[in-house]
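As provided, input12.pdb (PDB, C-alpha atoms) reads as follows.
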```pdb
ATOM      1  CA  MET A1306      -4.846 -30.387  32.328
ATOM      2  CA  THR A1307      -4.909 -31.583  28.754
ATOM      3  CA  THR A1308      -2.076 -29.988  26.809
ATOM      4  CA  TYR A1309      -2.572 -28.416  23.429
ATOM      5  CA  THR A1310      -0.449 -31.158  21.839
ATOM      6  CA  GLU A1311      -2.745 -33.806  23.265
ATOM      7  CA  LYS A1312      -5.756 -31.951  21.933
ATOM      8  CA  LEU A1313      -4.156 -31.815  18.504
ATOM      9  CA  GLU A1314      -3.368 -35.517  18.564
ATOM     10  CA  LYS A1315      -7.090 -36.194  18.938
ATOM     11  CA  LEU A1316      -7.576 -34.399  15.617
ATOM     12  CA  LYS A1317      -5.018 -36.779  14.056
ATOM     13  CA  ILE A1318      -2.746 -33.936  13.077
ATOM     14  CA  ALA A1319       0.397 -35.530  11.643
ATOM     15  CA  ASN A1320       2.734 -33.155  13.480
ATOM     16  CA  PRO A1321       1.026 -32.229  16.754
ATOM     17  CA  THR A1322       3.478 -29.434  17.483
ATOM     18  CA  LEU A1323       2.609 -27.752  14.162
ATOM     19  CA  ARG A1324       6.286 -27.071  13.598
ATOM     20  CA  ASP A1325       5.875 -28.096   9.971
ATOM     21  CA  CYS A1326       3.435 -25.184   9.623
ATOM     22  CA  PHE A1327       5.243 -22.487  11.546
ATOM     23  CA  ASP A1328       9.001 -22.984  11.285
ATOM     24  CA  PRO A1329      10.684 -22.468   7.885
ATOM     25  CA  SER A1330      14.046 -23.293   9.502
ATOM     26  CA  SER A1331      12.994 -26.783  10.550
ATOM     27  CA  SER A1332      13.377 -29.957   8.531
ATOM     28  CA  GLU A1333       9.671 -30.639   9.125
ATOM     29  CA  PHE A1334       8.652 -27.516   7.195
ATOM     30  CA  SER A1335       9.481 -29.074   3.829
ATOM     31  CA  ASP A1336       7.517 -32.248   4.644
ATOM     32  CA  THR A1337       4.205 -30.629   3.693
ATOM     33  CA  THR A1338       3.094 -28.247   0.945
ATOM     34  CA  MET A1339       1.764 -24.780   1.749
ATOM     35  CA  GLU A1340      -1.726 -25.971   0.851
ATOM     36  CA  GLU A1341      -1.422 -28.850   3.311
ATOM     37  CA  LYS A1342      -0.250 -26.481   6.016
ATOM     38  CA  ILE A1343      -3.240 -24.227   5.375
ATOM     39  CA  LYS A1344      -5.690 -27.153   5.495
ATOM     40  CA  THR A1345      -4.135 -28.276   8.773
ATOM     41  CA  LEU A1346      -4.583 -24.846  10.325
ATOM     42  CA  GLN A1347      -8.137 -24.542   9.017
ATOM     43  CA  LYS A1348      -8.954 -27.939  10.543
ATOM     44  CA  VAL A1349      -7.481 -26.915  13.873
ATOM     45  CA  ILE A1350      -9.434 -23.641  13.918
ATOM     46  CA  ALA A1351     -12.654 -25.393  12.847
ATOM     47  CA  ASN A1352     -12.298 -27.659  15.884
ATOM     48  CA  GLY A1353     -12.341 -24.810  18.372
ATOM     49  CA  PHE A1354      -8.734 -23.692  18.588
ATOM     50  CA  LEU A1355      -8.052 -19.972  18.619
ATOM     51  CA  LEU A1356      -5.095 -19.190  16.383
ATOM     52  CA  GLU A1357      -3.791 -16.679  18.917
ATOM     53  CA  GLN A1358      -3.844 -19.254  21.712
ATOM     54  CA  LEU A1359      -2.423 -21.937  19.444
ATOM     55  CA  THR A1360       0.636 -19.869  18.549
ATOM     56  CA  ASN A1361       1.149 -18.823  22.177
ATOM     57  CA  ASP A1362       1.007 -22.445  23.321
ATOM     58  CA  TYR A1363       3.335 -23.413  20.487
ATOM     59  CA  CYS A1364       5.928 -20.896  21.684
ATOM     60  CA  ARG A1365       5.620 -21.945  25.338
ATOM     61  CA  PHE A1366       5.973 -25.606  24.386
ATOM     62  CA  TYR A1367       9.369 -25.033  22.794
ATOM     63  CA  GLU A1368      10.531 -22.593  25.448
ATOM     64  CA  LYS A1369      10.121 -25.407  27.998
ATOM     65  CA  LEU A1370      12.386 -27.512  25.774
ATOM     66  CA  ASN A1371      14.982 -24.694  25.832
ATOM     67  CA  LYS A1372      14.341 -24.033  22.142
ATOM     68  CA  SER A1373      13.368 -20.376  22.291
ATOM     69  CA  TYR A1374      14.738 -19.881  18.767
ATOM     70  CA  VAL A1375      11.750 -21.838  17.447
ATOM     71  CA  ALA A1376       9.443 -19.138  18.772
ATOM     72  CA  LYS A1377      11.522 -16.521  16.939
ATOM     73  CA  ASP A1378      11.221 -18.503  13.708
ATOM     74  CA  LEU A1379       7.439 -18.365  14.073
ATOM     75  CA  HIS A1380       7.582 -14.762  12.819
ATOM     76  CA  GLN A1381       8.915 -15.827   9.425
ATOM     77  CA  GLY A1382       6.655 -18.874   9.295
ATOM     78  CA  LEU A1383       3.591 -16.677   9.680
ATOM     79  CA  LYS A1384       4.849 -14.414   6.883
ATOM     80  CA  ALA A1385       5.383 -17.409   4.591
ATOM     81  CA  LEU A1386       1.812 -18.595   5.151
ATOM     82  CA  ILE A1387       0.391 -15.102   4.646
ATOM     83  CA  ASN A1388       2.380 -14.532   1.447
ATOM     84  CA  HIS A1389       1.125 -17.806   0.019
ATOM     85  CA  LEU A1390      -2.482 -16.847   0.768
ATOM     86  CA  LEU A1391      -1.953 -13.407  -0.753
ATOM     87  CA  GLU A1392      -0.702 -14.776  -4.086
ATOM     88  CA  LYS A1393      -4.149 -15.139  -5.638
ATOM     89  CA  HIS A1394      -5.131 -11.601  -4.651
ATOM     90  CA  THR A1395      -2.159  -9.297  -4.947
ATOM     91  CA  SER A1396       1.518  -8.867  -5.780
ATOM     92  CA  PHE A1397       2.030  -7.294  -2.346
ATOM     93  CA  LYS A1398       4.348  -9.402  -0.180
ATOM     94  CA  LEU A1399       5.590  -9.267   3.371
ATOM     95  CA  ARG A1400       9.358  -9.062   3.380
ATOM     96  CA  PHE A1401      11.822 -10.814   5.657
ATOM     97  CA  ILE A1402      12.876  -7.513   7.211
ATOM     98  CA  ASP A1403       9.361  -6.164   7.823
ATOM     99  CA  ASN A1404       8.887  -5.755  11.556
ATOM    100  CA  TYR A1405       5.255  -6.692  12.025
ATOM    101  CA  SER A1406       4.415  -8.002  15.481
ATOM    102  CA  ASN A1407       3.421 -11.643  15.824
ATOM    103  CA  GLU A1408       0.034 -10.421  17.036
ATOM    104  CA  GLU A1409      -0.504  -8.511  13.787
ATOM    105  CA  LEU A1410       0.608 -11.487  11.702
ATOM    106  CA  VAL A1411      -1.663 -13.888  13.576
ATOM    107  CA  LEU A1412      -4.619 -11.539  13.073
ATOM    108  CA  VAL A1413      -3.905 -11.261   9.331
ATOM    109  CA  LEU A1414      -3.454 -15.026   8.957
ATOM    110  CA  LYS A1415      -6.711 -15.708  10.778
ATOM    111  CA  MET A1416      -8.673 -13.377   8.483
ATOM    112  CA  LEU A1417      -7.118 -14.904   5.352
ATOM    113  CA  LEU A1418      -7.778 -18.448   6.590
ATOM    114  CA  ASP A1419     -11.457 -17.676   7.273
ATOM    115  CA  ASP A1420     -12.076 -17.522   3.525
ATOM    116  CA  THR A1421      -9.089 -17.929   1.211
ATOM    117  CA  ASN A1422     -11.099 -16.419  -1.667
ATOM    118  CA  LEU A1423     -11.355 -13.058   0.086
ATOM    119  CA  TYR A1424      -8.816 -10.302   0.648
ATOM    120  CA  PRO A1425     -10.422  -8.344   3.501
ATOM    121  CA  LEU A1426     -10.046  -4.591   3.692
ATOM    122  CA  GLU A1427      -9.049  -5.072   7.331
ATOM    123  CA  VAL A1428      -5.958  -6.961   6.141
ATOM    124  CA  LYS A1429      -5.041  -4.194   3.711
ATOM    125  CA  SER A1430      -5.496  -1.678   6.517
ATOM    126  CA  ILE A1431      -2.957  -3.478   8.717
ATOM    127  CA  PHE A1432      -0.420  -3.500   5.876
ATOM    128  CA  TYR A1433      -1.203   0.150   5.132
ATOM    129  CA  ARG A1434      -0.665   1.284   8.731
ATOM    130  CA  HIS A1435       2.692  -0.475   8.691
ATOM    131  CA  LEU A1436       3.659   1.328   5.464
ATOM    132  CA  VAL A1437       2.578   4.677   6.938
ATOM    133  CA  ASP A1438       4.600   4.038  10.098
ATOM    134  CA  LYS A1439       7.623   3.244   7.928
ATOM    135  CA  ARG A1440       7.144   6.516   6.018
ATOM    136  CA  LYS A1441       6.957   8.428   9.298
ATOM    137  CA  LYS A1442      10.415   7.146  10.215
ATOM    138  CA  TYR A1443      11.973   7.939   6.843
ATOM    139  CA  GLU A1444      14.790  10.501   6.913
ATOM    140  CA  TYR A1445      15.428  12.887   4.041
ATOM    141  CA  LYS A1446      19.085  13.688   3.429
ATOM    142  CA  ASP A1447      18.286  17.301   2.541
ATOM    143  CA  SER A1448      17.531  20.235   4.841
ATOM    144  CA  GLU A1449      15.086  21.674   2.265
ATOM    145  CA  ILE A1450      12.487  18.942   2.850
ATOM    146  CA  VAL A1451      11.162  17.313   6.003
ATOM    147  CA  ASN A1452       9.052  14.318   6.840
ATOM    148  CA  PRO A1453       5.509  15.457   7.781
ATOM    149  CA  SER A1454       5.918  13.440  10.984
ATOM    150  CA  GLU A1455       8.358  16.136  12.147
ATOM    151  CA  LEU A1456       5.682  18.842  11.931
ATOM    152  CA  ASN A1457       3.525  17.529  14.808
ATOM    153  CA  ILE A1458       0.348  18.059  12.795
ATOM    154  CA  PRO A1459      -2.857  16.252  13.854
ATOM    155  CA  ASN A1460      -3.428  14.635  10.442
ATOM    156  CA  ASP A1461      -0.562  12.381   9.437
ATOM    157  CA  GLU A1462      -2.079   8.912   9.246
ATOM    158  CA  HIS A1463      -1.775   8.406   5.499
ATOM    159  CA  LEU A1464       1.161   7.681   3.244
ATOM    160  CA  ASN A1465       0.727  11.181   1.834
ATOM    161  CA  ALA A1466      -1.574  13.982   2.932
ATOM    162  CA  TRP A1467      -3.458  13.934  -0.388
ATOM    163  CA  ALA A1468      -4.964  10.587   0.603
ATOM    164  CA  TYR A1469      -7.106  12.423   3.163
ATOM    165  CA  TRP A1470      -9.154  13.554   0.181
ATOM    166  CA  HIS A1471      -9.283  10.134  -1.461
ATOM    167  CA  GLY A1472      -7.593   7.171   0.209
ATOM    168  CA  ASN A1473      -9.663   4.111  -0.708
ATOM    169  CA  LEU A1474      -7.515   0.974  -0.324
ATOM    170  CA  ASN A1475      -9.825  -0.815  -2.776
ATOM    171  CA  ALA A1476      -9.324   1.925  -5.368
ATOM    172  CA  GLU A1477      -9.669   1.146  -9.067
ATOM    173  CA  ILE A1478      -7.824   4.353  -9.998
ATOM    174  CA  LEU A1479      -4.609   5.505  -8.344
ATOM    175  CA  LEU A1480      -3.599   9.101  -9.033
ATOM    176  CA  ILE A1481      -0.001  10.228  -8.561
ATOM    177  CA  GLY A1482       0.635  13.961  -8.470
ATOM    178  CA  GLN A1483       3.812  15.955  -7.851
ATOM    179  CA  ASP A1484       3.854  17.116  -4.210
ATOM    180  CA  PHE A1485       1.290  18.044  -1.598
ATOM    181  CA  GLY A1486       2.766  21.492  -1.067
ATOM    182  CA  GLY A1487       5.118  23.505   1.051
ATOM    183  CA  TYR A1488       6.008  23.349   4.714
ATOM    184  CA  ASP A1489       3.656  26.227   5.565
ATOM    185  CA  TYR A1490       0.763  24.677   3.607
ATOM    186  CA  TYR A1491       1.008  21.540   5.751
ATOM    187  CA  LEU A1492       1.057  23.574   8.970
ATOM    188  CA  ASN A1493      -1.659  26.058   7.997
ATOM    189  CA  ASN A1494      -4.063  23.254   7.008
ATOM    190  CA  ASN A1495      -3.063  20.729   9.701
ATOM    191  CA  GLY A1496      -1.978  18.211   7.078
ATOM    192  CA  LYS A1497      -5.151  18.365   4.994
ATOM    193  CA  ASP A1498      -5.994  20.149   1.762
ATOM    194  CA  ASP A1499      -7.562  23.567   1.398
ATOM    195  CA  PRO A1500     -10.951  22.943  -0.315
ATOM    196  CA  LYS A1501     -10.380  26.096  -2.379
ATOM    197  CA  ASN A1502      -6.984  25.010  -3.692
ATOM    198  CA  PRO A1503      -7.062  25.950  -7.427
ATOM    199  CA  THR A1504      -5.250  22.768  -8.485
ATOM    200  CA  ASN A1505      -7.827  20.604  -6.747
ATOM    201  CA  LEU A1506     -10.703  22.576  -8.260
ATOM    202  CA  ASN A1507      -9.223  21.912 -11.689
ATOM    203  CA  LEU A1508      -8.755  18.265 -10.788
ATOM    204  CA  SER A1509     -12.440  17.990  -9.909
ATOM    205  CA  SER A1510     -13.309  19.261 -13.392
ATOM    206  CA  LEU A1511     -10.967  16.729 -14.975
ATOM    207  CA  PHE A1512     -12.436  13.798 -13.042
ATOM    208  CA  ARG A1513     -15.879  15.016 -14.007
ATOM    209  CA  GLU A1514     -14.864  14.204 -17.595
ATOM    210  CA  LEU A1515     -14.683  10.582 -16.399
ATOM    211  CA  GLY A1516     -18.119  10.778 -14.817
ATOM    212  CA  ILE A1517     -16.606  10.886 -11.327
ATOM    213  CA  GLU A1518     -17.540  13.499  -8.751
ATOM    214  CA  LEU A1519     -14.708  13.978  -6.275
ATOM    215  CA  GLY A1520     -16.494  16.168  -3.783
ATOM    216  CA  THR A1521     -14.238  18.613  -1.950
ATOM    217  CA  SER A1522     -11.242  17.849   0.231
ATOM    218  CA  ASP A1523     -13.288  18.594   3.359
ATOM    219  CA  LYS A1524     -16.361  16.740   2.036
ATOM    220  CA  PRO A1525     -15.084  13.975  -0.260
ATOM    221  CA  ASN A1526     -17.384  11.730  -2.238
ATOM    222  CA  LEU A1527     -16.681   8.474  -0.407
ATOM    223  CA  ASP A1528     -18.542   6.406  -3.018
ATOM    224  CA  THR A1529     -15.579   6.703  -5.377
ATOM    225  CA  LYS A1530     -12.846   4.068  -5.591
ATOM    226  CA  LEU A1531      -9.863   6.392  -5.761
ATOM    227  CA  TYR A1532      -6.517   6.734  -4.053
ATOM    228  CA  PHE A1533      -4.438   9.928  -4.287
ATOM    229  CA  THR A1534      -0.758  10.260  -3.518
ATOM    230  CA  ASN A1535       2.164  12.361  -4.719
ATOM    231  CA  ALA A1536       5.615  11.650  -6.066
ATOM    232  CA  VAL A1537       7.107  13.657  -3.196
ATOM    233  CA  LEU A1538       5.954  12.461   0.220
ATOM    234  CA  GLY A1539       7.673  15.148   2.279
ATOM    235  CA  ALA A1540       6.980  18.802   3.033
ATOM    236  CA  LYS A1541       9.307  21.057   1.044
ATOM    237  CA  LYS A1542      10.542  24.392   2.307
ATOM    238  CA  GLY A1543      10.405  27.527   0.198
ATOM    239  CA  GLY A1544       6.692  27.694  -0.577
ATOM    240  CA  MET A1545       4.239  25.958  -2.886
ATOM    241  CA  ALA A1546       6.099  26.918  -6.066
ATOM    242  CA  ALA A1547       9.542  25.848  -4.819
ATOM    243  CA  PRO A1548      11.302  23.518  -7.284
ATOM    244  CA  ILE A1549      11.344  19.747  -6.796
ATOM    245  CA  LYS A1550      14.545  17.746  -6.532
ATOM    246  CA  LYS A1551      14.714  14.273  -8.041
ATOM    247  CA  ALA A1552      16.418  12.973  -4.896
ATOM    248  CA  TRP A1553      13.206  13.681  -2.988
ATOM    249  CA  TYR A1554      11.310  10.959  -4.839
ATOM    250  CA  ALA A1555      13.954   8.706  -6.438
ATOM    251  CA  ASP A1556      14.461   6.701  -3.239
ATOM    252  CA  THR A1557      10.890   6.772  -1.937
ATOM    253  CA  ALA A1558       9.449   5.574  -5.272
ATOM    254  CA  LYS A1559      10.338   1.941  -4.607
ATOM    255  CA  LYS A1560      10.152   2.187  -0.829
ATOM    256  CA  PHE A1561       6.617   3.553  -0.674
ATOM    257  CA  ILE A1562       4.878   4.157  -4.016
ATOM    258  CA  LYS A1563       5.616   0.673  -5.342
ATOM    259  CA  PRO A1564       4.192  -1.034  -2.204
ATOM    260  CA  ILE A1565       1.045   1.116  -2.269
ATOM    261  CA  ILE A1566       0.450   0.189  -5.907
ATOM    262  CA  GLN A1567       0.913  -3.499  -5.041
ATOM    263  CA  LEU A1568      -1.309  -3.199  -1.972
ATOM    264  CA  ILE A1569      -4.200  -1.466  -3.737
ATOM    265  CA  GLU A1570      -3.866  -3.199  -7.133
ATOM    266  CA  PRO A1571      -5.632  -0.444  -9.102
ATOM    267  CA  LYS A1572      -6.709  -1.102 -12.661
ATOM    268  CA  ILE A1573      -5.585   2.356 -13.768
ATOM    269  CA  ILE A1574      -2.696   4.585 -12.695
ATOM    270  CA  ILE A1575      -2.837   8.246 -13.658
ATOM    271  CA  ALA A1576       0.537   9.991 -13.524
ATOM    272  CA  MET A1577      -0.088  13.732 -13.409
ATOM    273  CA  GLY A1578       3.034  15.552 -14.520
ATOM    274  CA  SER A1579       6.590  14.594 -15.392
ATOM    275  CA  LYS A1580       7.651  13.928 -11.783
ATOM    276  CA  ALA A1581       4.793  11.473 -11.340
ATOM    277  CA  TYR A1582       5.773   9.708 -14.558
ATOM    278  CA  GLU A1583       9.394   9.490 -13.411
ATOM    279  CA  VAL A1584       8.234   7.682 -10.264
ATOM    280  CA  VAL A1585       6.212   5.162 -12.279
ATOM    281  CA  ALA A1586       9.094   4.797 -14.746
ATOM    282  CA  LYS A1587      11.472   3.962 -11.897
ATOM    283  CA  ILE A1588       9.095   1.357 -10.480
ATOM    284  CA  TYR A1589       8.350  -0.293 -13.835
ATOM    285  CA  SER A1590      11.720   0.337 -15.564
ATOM    286  CA  LEU A1591      10.199   2.510 -18.298
ATOM    287  CA  ASP A1592      12.144   4.723 -20.674
ATOM    288  CA  SER A1593      12.529   8.434 -20.206
ATOM    289  CA  THR A1594      10.120  10.004 -22.721
ATOM    290  CA  PRO A1595       8.925  13.602 -23.343
ATOM    291  CA  MET A1596       5.539  14.418 -21.831
ATOM    292  CA  LYS A1597       3.952  15.287 -25.170
ATOM    293  CA  ILE A1598       4.759  11.852 -26.596
ATOM    294  CA  LEU A1599       3.588  10.088 -23.452
ATOM    295  CA  VAL A1600       0.240  11.858 -23.550
ATOM    296  CA  GLU A1601      -0.211  11.014 -27.217
ATOM    297  CA  THR A1602       0.519   7.300 -26.648
ATOM    298  CA  ASN A1603      -1.908   6.773 -23.757
ATOM    299  CA  PRO A1604      -2.602   4.256 -22.385
ATOM    300  CA  ILE A1605       0.673   2.517 -21.597
ATOM    301  CA  LEU A1606       0.237  -1.142 -20.681
ATOM    302  CA  LEU A1607       2.435  -1.923 -17.685
ATOM    303  CA  SER A1608       4.143  -5.238 -16.977
ATOM    304  CA  ASP A1609       1.478  -6.198 -14.422
ATOM    305  CA  ASN A1610      -1.344  -5.383 -16.898
ATOM    306  CA  LYS A1611      -2.284  -2.123 -15.229
ATOM    307  CA  LYS A1612      -2.987   0.766 -17.589
ATOM    308  CA  LEU A1613      -0.957   3.924 -17.154
ATOM    309  CA  PHE A1614      -2.242   7.284 -18.361
ATOM    310  CA  VAL A1615       0.219  10.166 -18.347
ATOM    311  CA  VAL A1616      -1.354  13.623 -18.206
ATOM    312  CA  TYR A1617      -0.105  17.141 -17.624
ATOM    313  CA  HIS A1618      -0.348  18.648 -14.164
ATOM    314  CA  CYS A1619      -3.412  20.821 -13.689
ATOM    315  CA  SER A1620      -1.710  23.507 -11.605
ATOM    316  CA  SER A1621      -1.294  26.984 -13.104
ATOM    317  CA  LEU A1622       2.194  26.039 -14.275
ATOM    318  CA  GLY A1623       0.901  22.810 -15.824
ATOM    319  CA  ILE A1624      -1.844  24.696 -17.627
ATOM    320  CA  ALA A1625       0.802  27.085 -18.978
ATOM    321  CA  ASN A1626       2.459  24.040 -20.556
ATOM    322  CA  ARG A1627      -0.805  22.578 -21.863
ATOM    323  CA  LYS A1628      -4.057  24.503 -22.051
ATOM    324  CA  PHE A1629      -6.813  23.299 -19.793
ATOM    325  CA  SER A1630      -9.106  22.669 -22.758
ATOM    326  CA  LYS A1631      -6.476  20.263 -24.110
ATOM    327  CA  GLN A1632      -6.139  18.615 -20.705
ATOM    328  CA  LEU A1633      -9.880  17.994 -20.677
ATOM    329  CA  GLU A1634      -9.504  16.228 -24.023
ATOM    330  CA  ASP A1635      -6.610  14.161 -22.645
ATOM    331  CA  TRP A1636      -8.735  12.973 -19.729
ATOM    332  CA  GLN A1637     -11.637  12.078 -21.993
ATOM    333  CA  LYS A1638      -9.411   9.347 -23.438
ATOM    334  CA  ILE A1639      -9.353   7.646 -20.016
ATOM    335  CA  LYS A1640     -13.139   7.285 -19.772
ATOM    336  CA  PRO A1641     -13.548   4.256 -22.129
ATOM    337  CA  PHE A1642     -11.251   2.247 -19.845
ATOM    338  CA  ILE A1643     -13.343   2.815 -16.712
ATOM    339  CA  ASN A1644     -15.870   0.096 -15.942
TER     340      ASN A1644
END
```
Whole structure, structure tokens version:
Amino acid sequence: MTTYTEKLEKLKIANPTLRDCFDPSSSEFSDTTMEEKIKTLQKVIANGFLLEQLTNDYCRFYEKLNKSYVAKDLHQGLKALINHLLEKHTSFKLRFIDNYSNEELVLVLKMLLDDTNLYPLEVKSIFYRHLVDKRKKYEYKDSEIVNPSELNIPNDEHLNAWAYWHGNLNAEILLIGQDFGGYDYYLNNNGKDDPKNPTNLNLSSLFRELGIELGTSDKPNLDTKLYFTNAVLGAKKGGMAAPIKKAWYADTAKKFIKPIIQLIEPKIIIAMGSKAYEVVAKIYSLDSTPMKILVETNPILLSDNKKLFVVYHCSSLGIANRKFSKQLEDWQKIKPFIN
């Protein structure tokens, strides 16, 4: 039987074992540029090789040479290739410690190699599922808040339950609120929003100022390019009006909110309330500033050229701090920046 290395030699591949493509720990890896590695892999795939089979054969080849460590290095090699292909599309990066399976990485690499000018939604979805799984395993160091994964609710497949209303991974606007609600609210609604929630009704009116119809949480308008999340990703105890602790979002801001911003790459971020602003401030190293001043200085140009709009929360407490008529005026200032 013709071996895969012999097949590759017929294609005049300089390194038939492809170690210069897959193994960052090898001396061969530095012999070619990332672009050359990508062209090599595209040539191999164009000539009938399946990337999945190629990587499997690659691992078996080195295992027979008692070099099983080479197969382990493949994991990081795949990440390096993927990160290079992602550079033109997003600031999102796979990290050394991220525990994607080789099968997931091969699938992502194949989709990115098919057309390097595209960033498929399927790729984002794989990264998103990984981020959600990581959130599910997160442990709060406070008995007054729990991870929704501990509630055994049927709907817990988003970073935050609010994304069940709007969770478009190609969103142009990313909205950050305060928290989804209390422990009982999660349980009573099975991890989704009550369509009659007063805050969400107010939010629909505010988005209408932008010419955007949200629909309701049980019947969302899926034509919109929106993603909703909250500063607090856990379920607090003590009811909907229970106070928020900074510790509940200070750590998760960079662990989860920063990656979702990088993954989605929205043009506009709307921070609704002081807690939401604090999350964005932590991610982008912004100064602590009173809400009134922030609202008056909208928009804030962030370091990655995204536009940040800080607005008051539209809950009853938020409206007590700033009348709803004023909030409507605040949101009208966002409209000129929407394409």
*Neighbourhood query: residues within 10 Å of (1.5, 23.2, 5.0), file coordinates, counting only C-alpha atoms; return as a PyMOL selection string.*
chain A and resi 1453+1456+1458+1466+1485-1499+1540-1542+1544-1545
*Selection: 10 Å around segment 1396-1408 of chain A, all atoms listed in the file, excl. self and same-chain fewer than 6 positions, as a ChimeraX atom specification*: /A:1357,1360-1361,1377,1379-1381,1383-1385,1387-1389,1414,1429,1431-1432,1435-1436,1439,1563-1570,1609
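Taking atom CA of Phe1512 of chain A as the reference point, atom CA of Ala1547 of chain A is found at 26.4 Å.
The nearest approach to Tyr1367 of chain A among the residues A:Asp1447, A:Glu1333, A:Glu1311, A:Asp1328, with only C-alpha atoms taken into account, belongs to A:Asp1328.
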*asked:* Restricting the calculation to all atoms listed in the file: of A:Ala1536, A:Val1411, A:Leu1519, A:Ile1481, which residue gets closest to Leu1355 of chain A?
replied: A:Val1411
_When you count all atoms listed in the file, which of these residues is closest to Ile1450 of chain A: A:Ala1576, A:Val1349, A:Ile1549, A:Leu1613?_
A:Ile1549
